[in-house]
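run.cif follows; it contains mmCIF, C-alpha atoms.
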data_upload
#
loop_
_atom_site.label_atom_id
_atom_site.label_comp_id
_atom_site.auth_asym_id
_atom_site.auth_seq_id
_atom_site.Cartn_x
_atom_site.Cartn_y
_atom_site.Cartn_z
CA MET A 1 2.43 -5.33 -12.58
CA ASN A 2 2.37 -9.00 -13.70
CA SER A 3 5.97 -9.51 -12.58
CA ILE A 4 5.09 -8.20 -9.11
CA LYS A 5 2.15 -10.61 -8.89
CA LYS A 6 4.42 -13.55 -9.78
CA ILE A 7 6.88 -12.55 -7.06
CA LEU A 8 4.08 -12.32 -4.49
CA VAL A 9 2.72 -15.74 -5.49
CA GLY A 10 6.21 -17.18 -5.03
CA ALA A 11 6.49 -15.63 -1.57
CA CYS A 12 3.11 -17.11 -0.59
CA ALA A 13 4.25 -20.51 -1.81
CA LEU A 14 7.40 -20.23 0.32
CA VAL A 15 5.33 -19.54 3.43
CA MET A 16 2.95 -22.42 2.68
CA THR A 17 5.83 -24.82 2.03
CA SER A 18 7.18 -24.17 5.51
CA THR A 19 4.06 -25.71 7.07
CA VAL A 20 4.94 -29.22 5.87
CA LEU A 21 7.49 -29.58 8.68
CA SER A 22 6.38 -31.86 11.49
CA ALA A 23 4.86 -30.29 14.59
CA GLY A 24 7.82 -31.31 16.71
CA GLU A 25 10.27 -29.46 14.45
CA PHE A 26 8.18 -26.41 13.64
CA ASN A 27 9.51 -23.07 14.86
CA LEU A 28 7.53 -19.91 14.13
CA ASN A 29 10.68 -17.79 14.18
CA ASP A 30 12.62 -20.11 11.85
CA PRO A 31 10.22 -22.48 10.03
CA LEU A 32 12.74 -23.41 7.32
CA ARG A 33 15.53 -23.91 9.87
CA ARG A 34 17.85 -21.54 7.99
CA ALA A 35 18.79 -19.02 10.68
CA GLY A 36 21.62 -21.18 12.03
CA GLY A 37 21.50 -19.39 15.37
CA GLY A 38 22.07 -16.03 13.66
CA ALA A 39 20.40 -12.66 14.20
CA SER A 40 17.63 -13.41 11.68
CA GLU A 41 15.89 -15.80 14.11
CA SER A 42 15.21 -12.97 16.59
CA GLN A 43 13.54 -11.00 13.77
CA GLY A 44 11.62 -13.92 12.27
CA GLY A 45 8.05 -15.02 12.86
CA PRO A 46 4.46 -13.86 12.25
CA TYR A 47 3.54 -10.35 13.41
CA ILE A 48 0.72 -7.85 13.72
CA SER A 49 1.01 -4.10 14.25
CA LEU A 50 -0.95 -0.87 14.55
CA GLN A 51 0.30 1.65 12.00
CA GLY A 52 -0.11 5.41 11.80
CA ALA A 53 0.78 7.07 8.49
CA MET A 54 0.90 10.51 6.88
CA TYR A 55 0.31 10.72 3.13
CA GLY A 56 1.12 13.39 0.57
CA ALA A 57 -1.16 12.62 -2.39
CA THR A 58 -1.25 14.16 -5.86
CA PHE A 59 -3.95 13.60 -8.47
CA GLY A 60 -3.23 14.86 -11.99
CA GLY A 61 -4.96 14.57 -15.33
CA SER A 62 -5.82 15.94 -18.72
CA GLY A 63 -8.85 15.73 -20.97
CA LYS A 64 -11.05 17.01 -23.78
CA ASN A 65 -14.46 18.67 -23.88
CA LYS A 66 -17.42 17.36 -25.89
CA ASP A 67 -16.11 19.12 -29.01
CA GLY A 68 -12.72 17.41 -28.76
CA ALA A 69 -10.83 20.54 -27.73
CA ALA A 70 -8.05 19.93 -25.22
CA LEU A 71 -8.62 21.13 -21.65
CA ASN A 72 -5.94 22.51 -19.38
CA ASP A 73 -3.94 19.91 -17.47
CA ALA A 74 -4.65 20.00 -13.73
CA THR A 75 -3.04 18.65 -10.56
CA LEU A 76 -4.56 18.40 -7.09
CA GLY A 77 -2.62 17.82 -3.87
CA GLN A 78 -3.67 16.81 -0.39
CA VAL A 79 -1.99 15.78 2.88
CA PHE A 80 -3.88 13.43 5.19
CA GLY A 81 -3.33 10.92 7.98
CA SER A 82 -4.60 7.40 8.54
CA VAL A 83 -4.42 4.62 11.12
CA GLY A 84 -4.50 0.97 10.10
CA VAL A 85 -3.05 -2.49 10.68
CA ASN A 86 -0.27 -4.66 9.25
CA VAL A 87 0.01 -8.43 9.49
CA GLY A 88 2.69 -10.67 8.03
CA TRP A 89 5.38 -13.29 8.48
CA ALA A 90 9.14 -12.83 8.22
CA ILE A 91 10.98 -16.08 7.44
CA PRO A 92 14.77 -16.45 7.86
CA LEU A 93 16.63 -17.56 4.73
CA GLY A 94 20.09 -17.31 6.34
CA ASP A 95 21.77 -16.11 9.51
CA ARG A 96 20.97 -12.45 8.66
CA LEU A 97 18.64 -12.58 5.64
CA LEU A 98 14.83 -12.85 5.87
CA LEU A 99 11.93 -12.72 3.42
CA GLY A 100 8.59 -11.40 4.63
CA LEU A 101 5.06 -11.44 3.26
CA ASP A 102 3.26 -8.29 4.44
CA LEU A 103 -0.46 -7.41 4.32
CA SER A 104 -1.77 -3.93 5.16
CA TYR A 105 -5.16 -2.29 5.63
CA GLN A 106 -5.85 1.43 6.02
CA PRO A 107 -9.50 2.57 6.32
CA GLY A 108 -10.25 5.79 4.51
CA ASP A 109 -13.03 8.22 3.67
CA GLY A 110 -11.35 11.25 2.07
CA LYS A 111 -13.28 13.36 -0.44
CA ILE A 112 -12.00 15.51 -3.32
CA LYS A 113 -14.32 17.94 -5.11
CA VAL A 114 -13.48 19.50 -8.48
CA ASP A 115 -15.32 22.37 -10.17
CA THR A 116 -15.49 21.41 -13.84
CA GLY A 117 -15.98 24.97 -15.03
CA ALA A 118 -19.36 26.33 -14.02
CA GLY A 119 -18.03 27.97 -10.86
CA ASP A 120 -19.91 28.56 -7.61
CA SER A 121 -23.06 29.52 -9.55
CA ASP A 122 -23.38 25.97 -10.87
CA THR A 123 -26.90 24.66 -10.20
CA THR A 124 -26.80 21.55 -12.40
CA GLY A 125 -24.58 19.40 -10.21
CA GLU A 126 -21.67 19.58 -12.65
CA ASP A 127 -18.98 19.41 -9.94
CA VAL A 128 -17.15 16.10 -9.75
CA GLU A 129 -16.70 14.42 -6.37
CA VAL A 130 -14.57 11.36 -5.70
CA THR A 131 -14.37 9.60 -2.34
CA VAL A 132 -11.14 7.72 -1.61
CA GLY A 133 -12.03 4.63 0.40
CA ASP A 134 -10.14 1.81 2.08
CA THR A 135 -6.56 0.99 1.08
CA ARG A 136 -5.25 -2.57 1.01
CA GLY A 137 -1.77 -3.77 0.15
CA ILE A 138 0.25 -6.95 -0.27
CA SER A 139 4.04 -6.89 -0.44
CA ILE A 140 7.18 -8.97 -0.26
CA MET A 141 9.71 -7.67 2.23
CA PRO A 142 13.37 -8.72 2.04
CA MET A 143 15.02 -7.95 5.40
CA ILE A 144 18.59 -7.84 6.70
CA ALA A 145 19.10 -8.34 10.44
CA ILE A 146 21.97 -6.04 11.38
CA SER A 147 21.81 -7.18 15.02
CA ASP A 148 19.64 -9.34 17.29
CA SER A 149 17.37 -6.34 17.88
CA SER A 150 17.52 -4.34 14.63
CA ALA A 151 16.75 -4.95 10.96
CA VAL A 152 16.36 -2.92 7.78
CA TYR A 153 14.10 -3.88 4.89
CA PHE A 154 12.93 -3.11 1.38
CA LYS A 155 9.25 -3.53 0.45
CA TYR A 156 7.81 -4.07 -3.02
CA GLY A 157 4.15 -4.77 -3.68
CA ILE A 158 0.67 -3.86 -4.91
CA THR A 159 -1.71 -1.32 -3.35
CA HIS A 160 -5.48 -1.29 -4.00
CA VAL A 161 -7.57 1.82 -3.24
CA ALA A 162 -11.37 1.88 -3.42
CA LEU A 163 -13.05 4.83 -5.19
CA SER A 164 -16.63 6.08 -5.37
CA TRP A 165 -17.91 8.91 -7.59
CA ASN A 166 -20.94 11.20 -7.57
CA ASP A 167 -23.65 11.11 -10.24
CA GLU A 168 -21.76 13.56 -12.47
CA MET A 169 -19.56 10.65 -13.63
CA THR A 170 -20.88 8.11 -16.13
CA THR A 171 -21.51 4.51 -15.09
CA GLY A 172 -18.66 2.07 -15.56
CA ILE A 173 -15.93 4.39 -14.29
CA ALA A 174 -13.24 2.66 -12.25
CA SER A 175 -14.29 1.83 -8.69
CA SER A 176 -10.67 1.32 -7.60
CA MET A 177 -7.05 2.05 -8.47
CA LEU A 178 -3.97 -0.20 -8.38
CA ALA A 179 -0.44 0.98 -7.67
CA ASP A 180 3.09 -0.36 -7.59
CA THR A 181 4.44 0.46 -4.12
CA ILE A 182 8.06 0.54 -3.00
CA ALA A 183 9.27 1.38 0.50
CA VAL A 184 12.24 1.16 2.83
CA GLY A 185 12.13 0.85 6.59
CA SER A 186 13.68 -0.34 9.83
CA ARG A 187 12.45 -2.50 12.70
CA THR A 188 13.69 -2.56 16.30
CA ILE A 189 12.82 -5.33 18.76
CA LEU A 190 12.01 -4.10 22.26
CA GLY A 191 12.18 -5.62 25.72
CA ASN A 192 11.55 -9.36 25.83
CA GLY A 193 11.69 -9.82 22.06
CA ASN A 194 7.95 -9.75 21.34
CA LEU A 195 7.30 -6.02 20.97
CA TYR A 196 8.79 -3.97 18.14
CA MET A 197 8.75 -0.49 16.62
CA GLN A 198 8.96 0.12 12.90
CA THR A 199 9.44 3.16 10.66
CA GLU A 200 8.76 3.16 6.93
CA PHE A 201 8.93 5.57 3.99
CA GLY A 202 7.48 4.75 0.59
CA VAL A 203 5.75 5.80 -2.61
CA SER A 204 2.78 4.37 -4.53
CA ASP A 205 2.47 5.05 -8.28
CA PHE A 206 -1.10 4.36 -9.44
CA ASP A 207 -2.21 3.21 -12.87
CA PRO A 208 -4.12 5.86 -14.90
CA ILE A 209 -7.93 5.74 -14.97
CA ASN A 210 -10.36 7.02 -17.60
CA ILE A 211 -13.01 9.60 -16.66
CA HIS A 212 -16.20 10.79 -18.41
CA THR A 213 -18.54 13.48 -17.06
CA VAL A 214 -22.31 13.55 -17.67
CA THR A 215 -23.25 17.24 -17.87
CA SER A 216 -20.33 18.58 -19.90
CA ASN A 217 -19.65 15.26 -21.70
CA SER A 218 -15.91 15.75 -21.12
CA THR A 219 -13.43 12.87 -21.20
CA GLY A 220 -9.93 12.42 -19.91
CA THR A 221 -7.43 10.39 -17.95
CA ALA A 222 -6.13 10.86 -14.43
CA SER A 223 -3.42 9.27 -12.32
CA ALA A 224 -2.40 9.51 -8.68
CA GLU A 225 0.76 9.17 -6.61
CA ASN A 226 1.17 8.85 -2.84
CA VAL A 227 4.29 9.53 -0.81
CA TYR A 228 4.04 8.42 2.81
CA GLY A 229 5.79 8.01 6.10
CA ALA A 230 4.56 5.47 8.66
CA PHE A 231 5.26 4.45 12.25
CA SER A 232 4.15 1.13 13.69
CA VAL A 233 4.06 -0.59 17.07
CA GLY A 234 3.51 -4.32 16.92
CA ILE A 235 3.82 -7.79 18.41
CA LYS A 236 5.98 -10.54 16.94
CA PHE A 237 4.86 -14.09 17.77
#
Please express what this file holds, its structure, as structure tokens.
Amino acid sequence: MNSIKKILVGACALVMTSTVLSAGEFNLNDPLRRAGGGASESQGGPYISLQGAMYGATFGGSGKNKDGAALNDATLGQVFGSVGVNVGWAIPLGDRLLLGLDLSYQPGDGKIKVDTGAGDSDTTGEDVEVTVGDTRGISIMPMIAISDSSAVYFKYGITHVALSWNDEMTTGIASSMLADTIAVGSRTILGNGNLYMQTEFGVSDFDPINIHTVTSNSTGTASAENVYGAFSVGIKF
């Protein structure tokens, strides 16, 4: 995770460095003047898009009861959709090579409920509920312009997901999860060169979190993984 953060800081520094050029020389599509008239200039520049995505999420874990006896491992799965936004800046580093800094936001309010063993007759509130909230991500995005209107890219970054738990979980439990995210995609410029469509497929592997229930005094660890496909329509400035 630390290596990813260093890469992202370097990408941010590259974008900030480009702003030192004088106003008369500044070009949003090629701020470092590295495109050389190549296809990368048509793909370069800041952008914003509306993104729709479908996720296949799994949540697995294992634990022990209050007496220290191991509990059965369990895995939950869920498929859900979300609509969010992406903003970023793709900067040409050569006639076909670009490096982008991409920010994403996906609002969320999905709920998972787990029966911890008392069954439907439970009257003590022993069931565990977790609400998956908003998702935010930051990534670097190396791109290759294969023509003036098309590019392919690889994305590597960090995803943050907010979590909230019901009163069955002890205080101090994690209120969020972090994941390493990798993805591949393609972008196609439309019409006059400002509109584009983008497709993306990726996976997010989240760090494990510790859990501790109140009623049964059980403990354990759990981890999640998301596989997703996304389609975006955006504007490149």
Query raised in the report: Suppose you want the space between CA of Asn194 in chain A and CA of Tyr47 in chain A; what is it in Å?
Result: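 Between these atoms lies a distance of 9.1 Å.
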Query raised in the report: Expressed in Å to a single decimal, how great is the separation between CA of Thr159 in chain A and CA of Leu32 in chain A?
Result: 28.5 Å
Query raised in the report: Applied to the shown file, which residues does the PyMOL selection byres ((chain A and resi 177-187) around 9) return, written as a PyMOL selection string?
Result: chain A and resi 1+4+43+137+139+143+149-163+174-176+188-189+196-209+223-225
Query raised in the report: Care to translate the PyMOL selection byres ((chain A and resi 81-85) around 6) into actual residues of this file, as an MDAnalysis selection string?
Result: chainID A and resid 49:54 80 86 104:106
Padding 3 Å on each side, edges along x, y and z: where is the centre of the box around the listed atoms of range 217-236 of chain A, and how long are its edges in Å to one decimal? Output it as AutoDock Vina command-line options.
--center_x -6.8 --center_y 2.6 --center_z -1.6 --size_x 31.6 --size_y 32.3 --size_z 46.1
Query - Atom pair CA of Arg136 in chain A / CA of Ser42 in chain A: separation (Å) - result: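 Between these atoms lies a distance of 27.7 Å.
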Report task. Between A:Ser218, A:Asn192, A:Ser164, A:Asn226, single out the one closest to Gly133 in chain A, counting only C-alpha atoms. Result ->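 Closest to Gly133 in chain A of all the choices is A:Ser164.
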Requested in this report: Run the PyMOL selection byres ((chain A and resi 36-39) around 10) mentally over the shown coordinates, then write out the matched residues as a list in words, using the chain letters and numbers from the document.
Outcome: Asp30, Arg33, Arg34, Ala35, Ser40, Glu41, Ser42, Gln43, Gly44, Pro92, Leu93, Gly94, Asp95, Arg96, Leu97, Ile144, Ala145, Ile146, Ser147, Asp148, Ser149, Ser150 and Ala151 of chain A
Query raised in the report: Using all atoms listed in the file, which of A:Gly234, A:Gly108, A:Gly191, A:Gly88 sits nearest Met141 in chain A?
Result: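 Distance minimum relative to Met141 in chain A lands on A:Gly88.
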Requested in this report: For each of A:Pro31, A:Pro107, A:Pro46, A:Gly60, take the minimum atom-to-atom distance to Val87 in chain A, counting only C-alpha atoms, then give the residue where this is smallest.
Outcome: A:Pro46
